[in-house]
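Asks: Input structure: structure.pdb, which contains PDB, C-alpha atoms.
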```pdb
ATOM      1  CA  MET A   1     113.659  24.827  94.769  1.00  0.00           C
ATOM      2  CA  PHE A   2     115.792  25.863  97.678  1.00  0.00           C
ATOM      3  CA  ASN A   3     117.589  28.402  95.544  1.00  0.00           C
ATOM      4  CA  LEU A   4     114.309  29.632  94.105  1.00  0.00           C
ATOM      5  CA  PHE A   5     112.763  30.125  97.534  1.00  0.00           C
ATOM      6  CA  GLY A   6     115.971  31.652  98.782  1.00  0.00           C
ATOM      7  CA  SER A   7     116.062  34.155  95.946  1.00  0.00           C
ATOM      8  CA  LYS A   8     112.459  35.123  96.516  1.00  0.00           C
ATOM      9  CA  LYS A   9     113.094  35.622 100.193  1.00  0.00           C
ATOM     10  CA  LYS A  10     116.056  37.822  99.370  1.00  0.00           C
ATOM     11  CA  GLU A  11     113.943  39.825  96.933  1.00  0.00           C
ATOM     12  CA  ALA A  12     111.200  40.295  99.513  1.00  0.00           C
ATOM     13  CA  SER A  13     113.676  41.436 102.118  1.00  0.00           C
ATOM     14  CA  THR A  14     115.156  43.904  99.647  1.00  0.00           C
ATOM     15  CA  VAL A  15     111.729  45.336  98.813  1.00  0.00           C
ATOM     16  CA  SER A  16     110.760  45.606 102.463  1.00  0.00           C
ATOM     17  CA  SER A  17     114.017  47.336 103.332  1.00  0.00           C
ATOM     18  CA  THR A  18     113.520  49.775 100.467  1.00  0.00           C
ATOM     19  CA  SER A  19     109.923  50.533 101.431  1.00  0.00           C
ATOM     20  CA  SER A  20     110.846  51.007 105.070  1.00  0.00           C
ATOM     21  CA  ARG A  21     113.581  53.490 104.197  1.00  0.00           C
ATOM     22  CA  PRO A  22     112.653  56.955 105.555  1.00  0.00           C
ATOM     23  CA  ALA A  23     111.823  59.623 102.988  1.00  0.00           C
ATOM     24  CA  THR A  24     114.537  62.203 102.361  1.00  0.00           C
ATOM     25  CA  ASN A  25     113.840  65.903 102.237  1.00  0.00           C
ATOM     26  CA  PRO A  26     114.260  67.049  98.590  1.00  0.00           C
ATOM     27  CA  GLN A  27     116.050  70.226  99.633  1.00  0.00           C
ATOM     28  CA  THR A  28     118.575  68.233 101.684  1.00  0.00           C
ATOM     29  CA  THR A  29     119.229  65.937  98.733  1.00  0.00           C
ATOM     30  CA  ILE A  30     119.678  68.901  96.395  1.00  0.00           C
ATOM     31  CA  VAL A  31     122.218  70.429  98.774  1.00  0.00           C
ATOM     32  CA  LYS A  32     124.159  67.151  98.900  1.00  0.00           C
ATOM     33  CA  LEU A  33     124.130  66.884  95.122  1.00  0.00           C
ATOM     34  CA  ARG A  34     125.473  70.407  94.724  1.00  0.00           C
ATOM     35  CA  GLU A  35     128.198  69.642  97.263  1.00  0.00           C
ATOM     36  CA  SER A  36     129.150  66.610  95.182  1.00  0.00           C
ATOM     37  CA  ILE A  37     129.283  68.771  92.052  1.00  0.00           C
ATOM     38  CA  ALA A  38     131.555  71.235  93.848  1.00  0.00           C
ATOM     39  CA  THR A  39     133.832  68.359  94.934  1.00  0.00           C
ATOM     40  CA  GLN A  40     134.017  67.053  91.367  1.00  0.00           C
ATOM     41  CA  GLU A  41     134.902  70.526  90.081  1.00  0.00           C
ATOM     42  CA  LYS A  42     137.746  70.807  92.584  1.00  0.00           C
ATOM     43  CA  ARG A  43     139.004  67.355  91.564  1.00  0.00           C
ATOM     44  CA  GLU A  44     138.755  68.304  87.893  1.00  0.00           C
ATOM     45  CA  GLU A  45     140.729  71.477  88.517  1.00  0.00           C
ATOM     46  CA  HIS A  46     143.426  69.481  90.364  1.00  0.00           C
ATOM     47  CA  ILE A  47     143.724  66.887  87.574  1.00  0.00           C
ATOM     48  CA  GLN A  48     143.841  69.639  84.950  1.00  0.00           C
ATOM     49  CA  LYS A  49     146.923  70.973  86.713  1.00  0.00           C
ATOM     50  CA  LYS A  50     148.406  67.466  86.455  1.00  0.00           C
ATOM     51  CA  VAL A  51     147.707  67.492  82.710  1.00  0.00           C
ATOM     52  CA  ASP A  52     149.459  70.828  82.306  1.00  0.00           C
ATOM     53  CA  GLN A  53     152.364  69.525  84.378  1.00  0.00           C
ATOM     54  CA  MET A  54     152.697  66.433  82.166  1.00  0.00           C
ATOM     55  CA  VAL A  55     152.764  68.619  79.049  1.00  0.00           C
ATOM     56  CA  LYS A  56     155.586  70.700  80.499  1.00  0.00           C
ATOM     57  CA  GLU A  57     157.447  67.566  81.582  1.00  0.00           C
ATOM     58  CA  ALA A  58     157.112  66.051  78.125  1.00  0.00           C
ATOM     59  CA  LYS A  59     158.524  69.212  76.539  1.00  0.00           C
ATOM     60  CA  VAL A  60     161.437  69.274  78.943  1.00  0.00           C
ATOM     61  CA  LYS A  61     162.291  65.612  78.325  1.00  0.00           C
ATOM     62  CA  LEU A  62     161.902  66.114  74.602  1.00  0.00           C
ATOM     63  CA  GLY A  63     164.318  69.010  74.812  1.00  0.00           C
ATOM     64  CA  LYS A  64     166.790  66.712  76.539  1.00  0.00           C
ATOM     65  CA  LYS A  65     166.351  64.135  73.767  1.00  0.00           C
ATOM     66  CA  ASP A  66     164.618  61.808  76.265  1.00  0.00           C
ATOM     67  CA  LYS A  67     161.901  60.533  73.976  1.00  0.00           C
ATOM     68  CA  LYS A  68     161.055  57.633  76.257  1.00  0.00           C
ATOM     69  CA  GLY A  69     160.505  59.959  79.219  1.00  0.00           C
ATOM     70  CA  ALA A  70     158.515  62.364  77.036  1.00  0.00           C
ATOM     71  CA  LEU A  71     156.347  59.505  75.785  1.00  0.00           C
ATOM     72  CA  PHE A  72     155.704  58.332  79.343  1.00  0.00           C
ATOM     73  CA  ALA A  73     154.653  61.857  80.339  1.00  0.00           C
ATOM     74  CA  MET A  74     152.222  61.993  77.394  1.00  0.00           C
ATOM     75  CA  LYS A  75     150.729  58.651  78.452  1.00  0.00           C
ATOM     76  CA  ARG A  76     150.149  59.967  81.979  1.00  0.00           C
ATOM     77  CA  LYS A  77     148.592  63.073  80.373  1.00  0.00           C
ATOM     78  CA  LYS A  78     146.147  60.844  78.471  1.00  0.00           C
ATOM     79  CA  LEU A  79     145.198  59.047  81.689  1.00  0.00           C
ATOM     80  CA  TYR A  80     144.533  62.328  83.433  1.00  0.00           C
ATOM     81  CA  GLU A  81     142.469  63.583  80.486  1.00  0.00           C
ATOM     82  CA  ALA A  82     140.412  60.381  80.563  1.00  0.00           C
ATOM     83  CA  GLU A  83     139.799  60.990  84.269  1.00  0.00           C
ATOM     84  CA  ILE A  84     138.686  64.534  83.481  1.00  0.00           C
ATOM     85  CA  ASP A  85     136.190  63.137  80.944  1.00  0.00           C
ATOM     86  CA  LYS A  86     134.812  60.813  83.620  1.00  0.00           C
ATOM     87  CA  ILE A  87     134.523  63.704  86.076  1.00  0.00           C
ATOM     88  CA  GLN A  88     132.665  65.774  83.495  1.00  0.00           C
ATOM     89  CA  ASN A  89     130.239  62.912  82.878  1.00  0.00           C
ATOM     90  CA  VAL A  90     129.671  62.583  86.619  1.00  0.00           C
ATOM     91  CA  LYS A  91     129.076  66.327  86.876  1.00  0.00           C
ATOM     92  CA  MET A  92     126.549  66.137  84.041  1.00  0.00           C
ATOM     93  CA  THR A  93     124.721  63.300  85.790  1.00  0.00           C
ATOM     94  CA  LEU A  94     124.671  65.198  89.085  1.00  0.00           C
ATOM     95  CA  GLU A  95     123.455  68.398  87.367  1.00  0.00           C
ATOM     96  CA  THR A  96     120.688  66.409  85.661  1.00  0.00           C
ATOM     97  CA  GLN A  97     119.650  64.934  88.998  1.00  0.00           C
ATOM     98  CA  VAL A  98     119.577  68.387  90.589  1.00  0.00           C
ATOM     99  CA  ILE A  99     117.409  69.796  87.803  1.00  0.00           C
ATOM    100  CA  ASN A 100     115.011  66.853  87.874  1.00  0.00           C
ATOM    101  CA  LEU A 101     114.838  66.852  91.659  1.00  0.00           C
ATOM    102  CA  GLU A 102     114.172  70.605  91.785  1.00  0.00           C
ATOM    103  CA  SER A 103     111.427  70.174  89.205  1.00  0.00           C
ATOM    104  CA  ALA A 104     109.919  67.257  91.129  1.00  0.00           C
ATOM    105  CA  ALA A 105     110.087  69.187  94.402  1.00  0.00           C
ATOM    106  CA  GLN A 106     108.397  72.154  92.752  1.00  0.00           C
ATOM    107  CA  ASN A 107     105.700  69.886  91.337  1.00  0.00           C
ATOM    108  CA  ALA A 108     105.195  68.325  94.767  1.00  0.00           C
ATOM    109  CA  GLU A 109     104.835  71.749  96.400  1.00  0.00           C
ATOM    110  CA  THR A 110     102.414  72.818  93.668  1.00  0.00           C
ATOM    111  CA  PHE A 111     100.426  69.632  94.167  1.00  0.00           C
ATOM    112  CA  GLN A 112     100.274  70.160  97.937  1.00  0.00           C
ATOM    113  CA  ALA A 113      99.180  73.779  97.419  1.00  0.00           C
ATOM    114  CA  MET A 114      96.467  72.714  94.970  1.00  0.00           C
ATOM    115  CA  LYS A 115      95.364  69.946  97.337  1.00  0.00           C
ATOM    116  CA  ALA A 116      95.212  72.396 100.242  1.00  0.00           C
ATOM    117  CA  GLY A 117      93.237  74.834  98.099  1.00  0.00           C
ATOM    118  CA  THR A 118      90.771  72.124  97.135  1.00  0.00           C
ATOM    119  CA  SER A 119      90.355  71.023 100.757  1.00  0.00           C
ATOM    120  CA  THR A 120      89.799  74.630 101.834  1.00  0.00           C
ATOM    121  CA  MET A 121      87.190  75.155  99.135  1.00  0.00           C
ATOM    122  CA  GLN A 122      85.405  71.954 100.156  1.00  0.00           C
ATOM    123  CA  LYS A 123      85.413  73.048 103.796  1.00  0.00           C
ATOM    124  CA  ILE A 124      84.049  76.477 102.882  1.00  0.00           C
ATOM    125  CA  ARG A 125      81.340  74.893 100.734  1.00  0.00           C
ATOM    126  CA  ASN A 126      80.400  72.501 103.529  1.00  0.00           C
ATOM    127  CA  ASP A 127      80.349  75.318 106.089  1.00  0.00           C
ATOM    128  CA  VAL A 128      78.277  77.596 103.891  1.00  0.00           C
ATOM    129  CA  GLY A 129      76.091  75.338 101.772  1.00  0.00           C
ATOM    130  CA  ILE A 130      73.403  76.461  99.345  1.00  0.00           C
ATOM    131  CA  GLU A 131      70.652  76.032 101.936  1.00  0.00           C
ATOM    132  CA  LYS A 132      72.452  78.268 104.405  1.00  0.00           C
ATOM    133  CA  VAL A 133      72.943  80.881 101.689  1.00  0.00           C
ATOM    134  CA  ASP A 134      69.230  80.786 100.858  1.00  0.00           C
ATOM    135  CA  ASP A 135      68.382  81.178 104.552  1.00  0.00           C
ATOM    136  CA  VAL A 136      70.701  84.162 104.878  1.00  0.00           C
ATOM    137  CA  MET A 137      69.226  85.800 101.772  1.00  0.00           C
ATOM    138  CA  ASP A 138      65.695  85.262 103.123  1.00  0.00           C
ATOM    139  CA  ASP A 139      66.737  86.861 106.417  1.00  0.00           C
ATOM    140  CA  ILE A 140      68.241  89.824 104.561  1.00  0.00           C
ATOM    141  CA  ARG A 141      65.059  90.368 102.544  1.00  0.00           C
ATOM    142  CA  GLU A 142      62.925  90.096 105.675  1.00  0.00           C
ATOM    143  CA  GLU A 143      65.086  92.616 107.515  1.00  0.00           C
ATOM    144  CA  MET A 144      64.933  95.031 104.564  1.00  0.00           C
ATOM    145  CA  GLU A 145      61.138  94.797 104.480  1.00  0.00           C
ATOM    146  CA  MET A 146      60.978  95.451 108.219  1.00  0.00           C
ATOM    147  CA  ALA A 147      63.290  98.444 107.808  1.00  0.00           C
ATOM    148  CA  ASN A 148      61.068  99.878 105.055  1.00  0.00           C
ATOM    149  CA  GLU A 149      57.980  99.469 107.210  1.00  0.00           C
ATOM    150  CA  ILE A 150      59.712 101.215 110.109  1.00  0.00           C
ATOM    151  CA  ASN A 151      60.809 104.091 107.841  1.00  0.00           C
ATOM    152  CA  GLN A 152      57.279 104.519 106.520  1.00  0.00           C
ATOM    153  CA  ALA A 153      55.874 104.511 110.038  1.00  0.00           C
ATOM    154  CA  ILE A 154      58.377 107.130 111.175  1.00  0.00           C
ATOM    155  CA  ALA A 155      57.727 109.315 108.105  1.00  0.00           C
ATOM    156  CA  GLN A 156      53.961 109.576 108.781  1.00  0.00           C
ATOM    157  CA  PRO A 157      52.931 113.116 109.947  1.00  0.00           C
ATOM    158  CA  VAL A 158      51.694 113.571 113.500  1.00  0.00           C
ATOM    159  CA  ASP A 159      48.569 115.827 113.089  1.00  0.00           C
ATOM    160  CA  PRO A 160      45.624 115.488 115.507  1.00  0.00           C
ATOM    161  CA  LEU A 161      43.259 117.067 112.929  1.00  0.00           C
ATOM    162  CA  LEU A 162      44.412 114.938 110.026  1.00  0.00           C
ATOM    163  CA  ALA A 163      41.309 112.745 110.297  1.00  0.00           C
ATOM    164  CA  ASP A 164      39.003 115.843 110.077  1.00  0.00           C
ATOM    165  CA  GLU A 165      40.757 117.327 107.063  1.00  0.00           C
ATOM    166  CA  ASP A 166      37.997 116.357 104.606  1.00  0.00           C
ATOM    167  CA  GLU A 167      35.365 117.900 106.843  1.00  0.00           C
ATOM    168  CA  LEU A 168      37.358 121.123 107.156  1.00  0.00           C
ATOM    169  CA  LEU A 169      37.797 121.332 103.399  1.00  0.00           C
ATOM    170  CA  ALA A 170      34.038 120.941 102.894  1.00  0.00           C
ATOM    171  CA  GLU A 171      33.396 123.724 105.411  1.00  0.00           C
ATOM    172  CA  LEU A 172      35.894 125.979 103.647  1.00  0.00           C
ATOM    173  CA  ASN A 173      34.132 125.362 100.316  1.00  0.00           C
ATOM    174  CA  GLU A 174      30.810 126.336 101.898  1.00  0.00           C
ATOM    175  CA  LEU A 175      32.303 129.612 103.156  1.00  0.00           C
ATOM    176  CA  GLU A 176      33.636 130.415  99.708  1.00  0.00           C
ATOM    177  CA  THR A 177      30.235 129.674  98.146  1.00  0.00           C
ATOM    178  CA  ALA A 178      28.422 131.895 100.651  1.00  0.00           C
ATOM    179  CA  ASP A 179      30.796 134.809 100.035  1.00  0.00           C
ATOM    180  CA  LEU A 180      30.292 134.467  96.305  1.00  0.00           C
ATOM    181  CA  GLU A 181      26.481 134.496  96.629  1.00  0.00           C
ATOM    182  CA  ALA A 182      26.598 137.569  98.875  1.00  0.00           C
ATOM    183  CA  GLU A 183      28.743 139.373  96.356  1.00  0.00           C
ATOM    184  CA  LEU A 184      26.317 138.555  93.553  1.00  0.00           C
ATOM    185  CA  LEU A 185      23.221 139.697  95.542  1.00  0.00           C
ATOM    186  CA  LYS A 186      24.730 143.038  96.608  1.00  0.00           C
ATOM    187  CA  PRO A 187      22.892 146.072  94.913  1.00  0.00           C
ATOM    188  CA  VAL A 188      24.847 148.021  92.379  1.00  0.00           C
ATOM    189  CA  ALA A 189      25.040 151.853  93.152  1.00  0.00           C
ATOM    190  CA  GLN A 190      24.444 153.943  89.956  1.00  0.00           C
ATOM    191  CA  THR A 191      25.776 157.508  89.730  1.00  0.00           C
ATOM    192  CA  ILE A 192      24.269 160.154  87.309  1.00  0.00           C
ATOM    193  CA  ASP A 193      26.570 162.821  86.059  1.00  0.00           C
ATOM    194  CA  LEU A 194      24.746 166.261  86.316  1.00  0.00           C
ATOM    195  CA  PRO A 195      26.066 169.478  84.864  1.00  0.00           C
ATOM    196  CA  SER A 196      27.906 171.629  87.307  1.00  0.00           C
ATOM    197  CA  VAL A 197      26.179 174.750  88.737  1.00  0.00           C
ATOM    198  CA  PRO A 198      27.982 177.950  87.777  1.00  0.00           C
ATOM    199  CA  ASP A 199      29.403 179.953  90.636  1.00  0.00           C
ATOM    200  CA  LYS A 200      28.491 183.336  89.072  1.00  0.00           C
ATOM    201  CA  LYS A 201      25.121 184.621  87.968  1.00  0.00           C
ATOM    202  CA  LEU A 202      24.141 184.843  84.342  1.00  0.00           C
ATOM    203  CA  PRO A 203      24.864 188.220  82.640  1.00  0.00           C
ATOM    204  CA  ALA A 204      21.146 188.910  81.708  1.00  0.00           C
ATOM    205  CA  LEU A 205      19.992 188.323  85.256  1.00  0.00           C
ATOM    206  CA  GLU A 206      22.678 190.610  86.630  1.00  0.00           C
ATOM    207  CA  LYS A 207      21.630 193.429  84.260  1.00  0.00           C
ATOM    208  CA  LYS A 208      17.936 193.112  85.151  1.00  0.00           C
ATOM    209  CA  GLU A 209      18.716 193.094  88.847  1.00  0.00           C
ATOM    210  CA  GLU A 210      20.734 196.304  88.423  1.00  0.00           C
ATOM    211  CA  GLU A 211      17.858 197.995  86.623  1.00  0.00           C
ATOM    212  CA  ASP A 212      15.383 196.953  89.272  1.00  0.00           C
ATOM    213  CA  LEU A 213      17.768 198.207  91.901  1.00  0.00           C
ATOM    214  CA  ARG A 214      18.070 201.695  90.252  1.00  0.00           C
ATOM    215  CA  GLN A 215      14.367 201.922  89.820  1.00  0.00           C
ATOM    216  CA  LEU A 216      13.838 201.114  93.438  1.00  0.00           C
ATOM    217  CA  GLU A 217      16.407 203.715  94.443  1.00  0.00           C
ATOM    218  CA  ALA A 218      14.618 206.396  92.241  1.00  0.00           C
ATOM    219  CA  GLU A 219      11.302 205.639  93.826  1.00  0.00           C
ATOM    220  CA  LEU A 220      12.768 205.951  97.260  1.00  0.00           C
ATOM    221  CA  ALA A 221      14.363 209.265  96.342  1.00  0.00           C
ATOM    222  CA  GLY A 222      10.979 210.699  95.154  1.00  0.00           C
ATOM    223  CA  LEU A 223       9.378 210.161  98.455  1.00  0.00           C
TER     224      LEU A 223
END
```
So that I can check it, write out the structure of this file as structure tokens.
Replies:
Amino acid sequence: MFNLFGSKKKEASTVSSTSSRPATNPQTTIVKLRESIATQEKREEHIQKKVDQMVKEAKVKLGKKDKKGALFAMKRKKLYEAEIDKIQNVKMTLETQVINLESAAQNAETFQAMKAGTSTMQKIRNDVGIEKVDDVMDDIREEMEMANEINQAIAQPVDPLLADEDELLAELNELETADLEAELLKPVAQTIDLPSVPDKKLPALEKKEEEDLRQLEAELAGL
């Protein structure tokens, strides 16, 4: 029982220490992971030079008929190559962590942006509200009606005789009727075309007057 309780207490302390650990910034962690990848690449490059060196050493010893030395160089080459494989596996793990962490950080930023957008929309809806919108629309309609009434009042003509216009029209109709009756009752002047009087005397009258004039002259001469 002592061991059981002791193990539980240890577990609880481990959980509490893990939960109380401060959260790490994802970008800081990504930077550290990339630094680790760069360190592993440098180490891989260094060990690869060791591999190349062991190959050259094995060739030299083989040329000197030192098969034991050449075999030892090839064994060291195998150890270095195994270390390179481990480094490559570590690099793959670190690269996977970077990709997953970048994706998680992007998802977290997207979530925070969506959450902020939702909160902003809720605040706007609470500030505006459907009742407030209805009140504003009612105020707009009321103001438009008032504006129309003002425009109609301003557009009315200012004429002091506007109220007597019907009376003036009736008087004008009476004047027109009186003029028409006077025109109808006016006498019509008729003109008779007579033949024109000749300016000269008729030929028979002129001849008779000449004879009477000669006869009168003869009588006067006989006296």
Asks: Which residue gives the smallest distance to Val55 in chain A among A:Glu81, A:Ser119, A:Glu167, A:Glu41, with only C-alpha atoms counted?
Replies: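 Of A:Glu81, A:Ser119, A:Glu167, A:Glu41, the one nearest Val55 in chain A is A:Glu81, counting only C-alpha atoms.
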Asks: Hey, which of A:Ile140, A:Met54, A:Ala155, A:Ile99 ends up closest to Gln27 in chain A? Count all atoms listed in the file.
Replies: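 Of A:Ile140, A:Met54, A:Ala155, A:Ile99, the one nearest Gln27 in chain A, counting all atoms listed in the file, is A:Ile99.
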Asks: For a test of reading the model, state the distance in Å between CA of Ala170 in chain A and CA of Glu183 in chain A, rounded to one decimal.
Replies: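 One can read the CA of Ala170 in chain A to CA of Glu183 in chain A distance as 20.3 Å.
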Asks: Let me know the centre plus edge lengths, in Å and rounded to one decimal, of a box with edges along x, y and z that contains all listed atoms of range 100-107 of chain A and is padded by 4 Å on every side, as AutoDock Vina command-line options.
Replies:
```
--center_x 110.4 --center_y 69.5 --center_z 91.1 --size_x 17.3 --size_y 13.3 --size_z 14.5
```
Asks: Between CA of Ala105 in chain A and CA of Asn89 in chain A, what is the spacing in Å?
Replies: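 Pair CA of Asn89 in chain A / CA of Ala105 in chain A returns 24.0 Å.
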Asks: Restricting the calculation to all atoms listed in the file: of A:Leu101, A:Ile84, A:Pro26, A:Leu213, which residue gets closest to His46 in chain A?
Replies: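 Closest to His46 in chain A of all the choices is A:Ile84.
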Asks: Ranking A:Thr29, A:Gln152, A:Thr24, A:Thr177 by minimum distance to Val98 in chain A and counting only C-alpha atoms, which one comes first?
Replies: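 With only C-alpha atoms as the atom set, the closest residue is A:Thr29.
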Asks: Quick one, how far is CA of Asp52 in chain A from CA of Ile87 in chain A?
Replies: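 Going from CA of Asp52 in chain A over to CA of Ile87 in chain A covers 17.0 Å.
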Asks: From the options A:Met74, A:Lys61, A:Asp212, A:Gln88, which residue's atoms come nearest to Glu45 in chain A, counting only C-alpha atoms?
Replies: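 So, comparing all the options, the nearest one is A:Gln88.
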Asks: I want to know what sits within 12 Å of Lys91 in chain A, based on all atoms listed in the file, with residues of the same chain fewer than 3 positions away left out; could you give that as a list in words?
Replies: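 Counting only the stated atoms, we get Leu33, Arg34, Glu35, Ser36, Ile37, Ala38, Thr39, Gln40, Glu41, Lys42, Arg43, Glu44, Ile84, Asp85, Lys86, Ile87, Gln88, Leu94, Glu95, Thr96, Gln97 and Val98 of chain A.
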Asks: Excluding Leu71 in chain A and its own-chain neighbours fewer than 6 positions away, which residues fall within 12 Å of it when counting all atoms listed in the file? Please give them as an MDAnalysis selection string.
Replies: chainID A and resid 54:55 57:62 65 77:78
Asks: Would you fill the gaps in range 146-154 of chain A so it has all heavy atoms, then print it as a PDB file, in the coordinates of the input?
Replies:
```pdb
ATOM      1  N   MET A 146      61.256  94.878 106.909  1.00  0.00           N
ATOM      2  CA  MET A 146      60.978  95.451 108.219  1.00  0.00           C
ATOM      3  C   MET A 146      61.513  96.877 108.321  1.00  0.00           C
ATOM      4  O   MET A 146      60.843  97.770 108.862  1.00  0.00           O
ATOM      5  CB  MET A 146      61.621  94.575 109.303  1.00  0.00           C
ATOM      6  CG  MET A 146      60.950  93.224 109.486  1.00  0.00           C
ATOM      7  SD  MET A 146      59.295  93.377 110.228  1.00  0.00           S
ATOM      8  CE  MET A 146      59.735  93.992 111.845  1.00  0.00           C
ATOM      9  N   ALA A 147      62.713  97.107 107.771  1.00  0.00           N
ATOM     10  CA  ALA A 147      63.290  98.444 107.808  1.00  0.00           C
ATOM     11  C   ALA A 147      62.438  99.431 107.012  1.00  0.00           C
ATOM     12  O   ALA A 147      62.231 100.574 107.435  1.00  0.00           O
ATOM     13  CB  ALA A 147      64.721  98.411 107.270  1.00  0.00           C
ATOM     14  N   ASN A 148      61.925  98.998 105.857  1.00  0.00           N
ATOM     15  CA  ASN A 148      61.068  99.878 105.055  1.00  0.00           C
ATOM     16  C   ASN A 148      59.774 100.205 105.795  1.00  0.00           C
ATOM     17  O   ASN A 148      59.303 101.352 105.774  1.00  0.00           O
ATOM     18  CB  ASN A 148      60.748  99.217 103.714  1.00  0.00           C
ATOM     19  CG  ASN A 148      61.962  99.143 102.810  1.00  0.00           C
ATOM     20  OD1 ASN A 148      62.855  99.991 102.902  1.00  0.00           O
ATOM     21  ND2 ASN A 148      62.017  98.155 101.941  1.00  0.00           N
ATOM     22  N   GLU A 149      59.197  99.213 106.443  1.00  0.00           N
ATOM     23  CA  GLU A 149      57.980  99.469 107.210  1.00  0.00           C
ATOM     24  C   GLU A 149      58.236 100.444 108.352  1.00  0.00           C
ATOM     25  O   GLU A 149      57.424 101.340 108.623  1.00  0.00           O
ATOM     26  CB  GLU A 149      57.433  98.147 107.756  1.00  0.00           C
ATOM     27  CG  GLU A 149      56.900  97.212 106.676  1.00  0.00           C
ATOM     28  CD  GLU A 149      56.400  95.896 107.257  1.00  0.00           C
ATOM     29  OE1 GLU A 149      56.461  95.765 108.508  1.00  0.00           O
ATOM     30  OE2 GLU A 149      55.943  95.039 106.490  1.00  0.00           O
ATOM     31  N   ILE A 150      59.374 100.290 109.017  1.00  0.00           N
ATOM     32  CA  ILE A 150      59.712 101.215 110.109  1.00  0.00           C
ATOM     33  C   ILE A 150      59.906 102.624 109.569  1.00  0.00           C
ATOM     34  O   ILE A 150      59.439 103.609 110.166  1.00  0.00           O
ATOM     35  CB  ILE A 150      60.974 100.714 110.834  1.00  0.00           C
ATOM     36  CG1 ILE A 150      60.661  99.417 111.585  1.00  0.00           C
ATOM     37  CG2 ILE A 150      61.490 101.768 111.800  1.00  0.00           C
ATOM     38  CD1 ILE A 150      61.888  98.758 112.182  1.00  0.00           C
ATOM     39  N   ASN A 151      60.598 102.762 108.426  1.00  0.00           N
ATOM     40  CA  ASN A 151      60.809 104.091 107.841  1.00  0.00           C
ATOM     41  C   ASN A 151      59.489 104.739 107.450  1.00  0.00           C
ATOM     42  O   ASN A 151      59.289 105.951 107.664  1.00  0.00           O
ATOM     43  CB  ASN A 151      61.713 103.969 106.610  1.00  0.00           C
ATOM     44  CG  ASN A 151      63.126 103.600 106.981  1.00  0.00           C
ATOM     45  OD1 ASN A 151      63.582 103.904 108.088  1.00  0.00           O
ATOM     46  ND2 ASN A 151      63.837 102.947 106.083  1.00  0.00           N
ATOM     47  N   GLN A 152      58.581 103.962 106.885  1.00  0.00           N
ATOM     48  CA  GLN A 152      57.279 104.519 106.520  1.00  0.00           C
ATOM     49  C   GLN A 152      56.490 104.943 107.754  1.00  0.00           C
ATOM     50  O   GLN A 152      55.817 105.980 107.746  1.00  0.00           O
ATOM     51  CB  GLN A 152      56.493 103.487 105.711  1.00  0.00           C
ATOM     52  CG  GLN A 152      57.081 103.201 104.329  1.00  0.00           C
ATOM     53  CD  GLN A 152      56.317 102.133 103.593  1.00  0.00           C
ATOM     54  OE1 GLN A 152      55.329 101.597 104.110  1.00  0.00           O
ATOM     55  NE2 GLN A 152      56.767 101.796 102.381  1.00  0.00           N
ATOM     56  N   ALA A 153      56.588 104.153 108.808  1.00  0.00           N
ATOM     57  CA  ALA A 153      55.874 104.511 110.038  1.00  0.00           C
ATOM     58  C   ALA A 153      56.437 105.786 110.643  1.00  0.00           C
ATOM     59  O   ALA A 153      55.696 106.650 111.129  1.00  0.00           O
ATOM     60  CB  ALA A 153      55.962 103.355 111.037  1.00  0.00           C
ATOM     61  N   ILE A 154      57.756 105.933 110.614  1.00  0.00           N
ATOM     62  CA  ILE A 154      58.377 107.130 111.175  1.00  0.00           C
ATOM     63  C   ILE A 154      58.063 108.356 110.332  1.00  0.00           C
ATOM     64  O   ILE A 154      57.901 109.472 110.853  1.00  0.00           O
ATOM     65  CB  ILE A 154      59.896 106.913 111.296  1.00  0.00           C
ATOM     66  CG1 ILE A 154      60.186 105.843 112.354  1.00  0.00           C
ATOM     67  CG2 ILE A 154      60.619 108.202 111.656  1.00  0.00           C
ATOM     68  CD1 ILE A 154      61.641 105.463 112.452  1.00  0.00           C
TER      69      ILE A 154
END
```
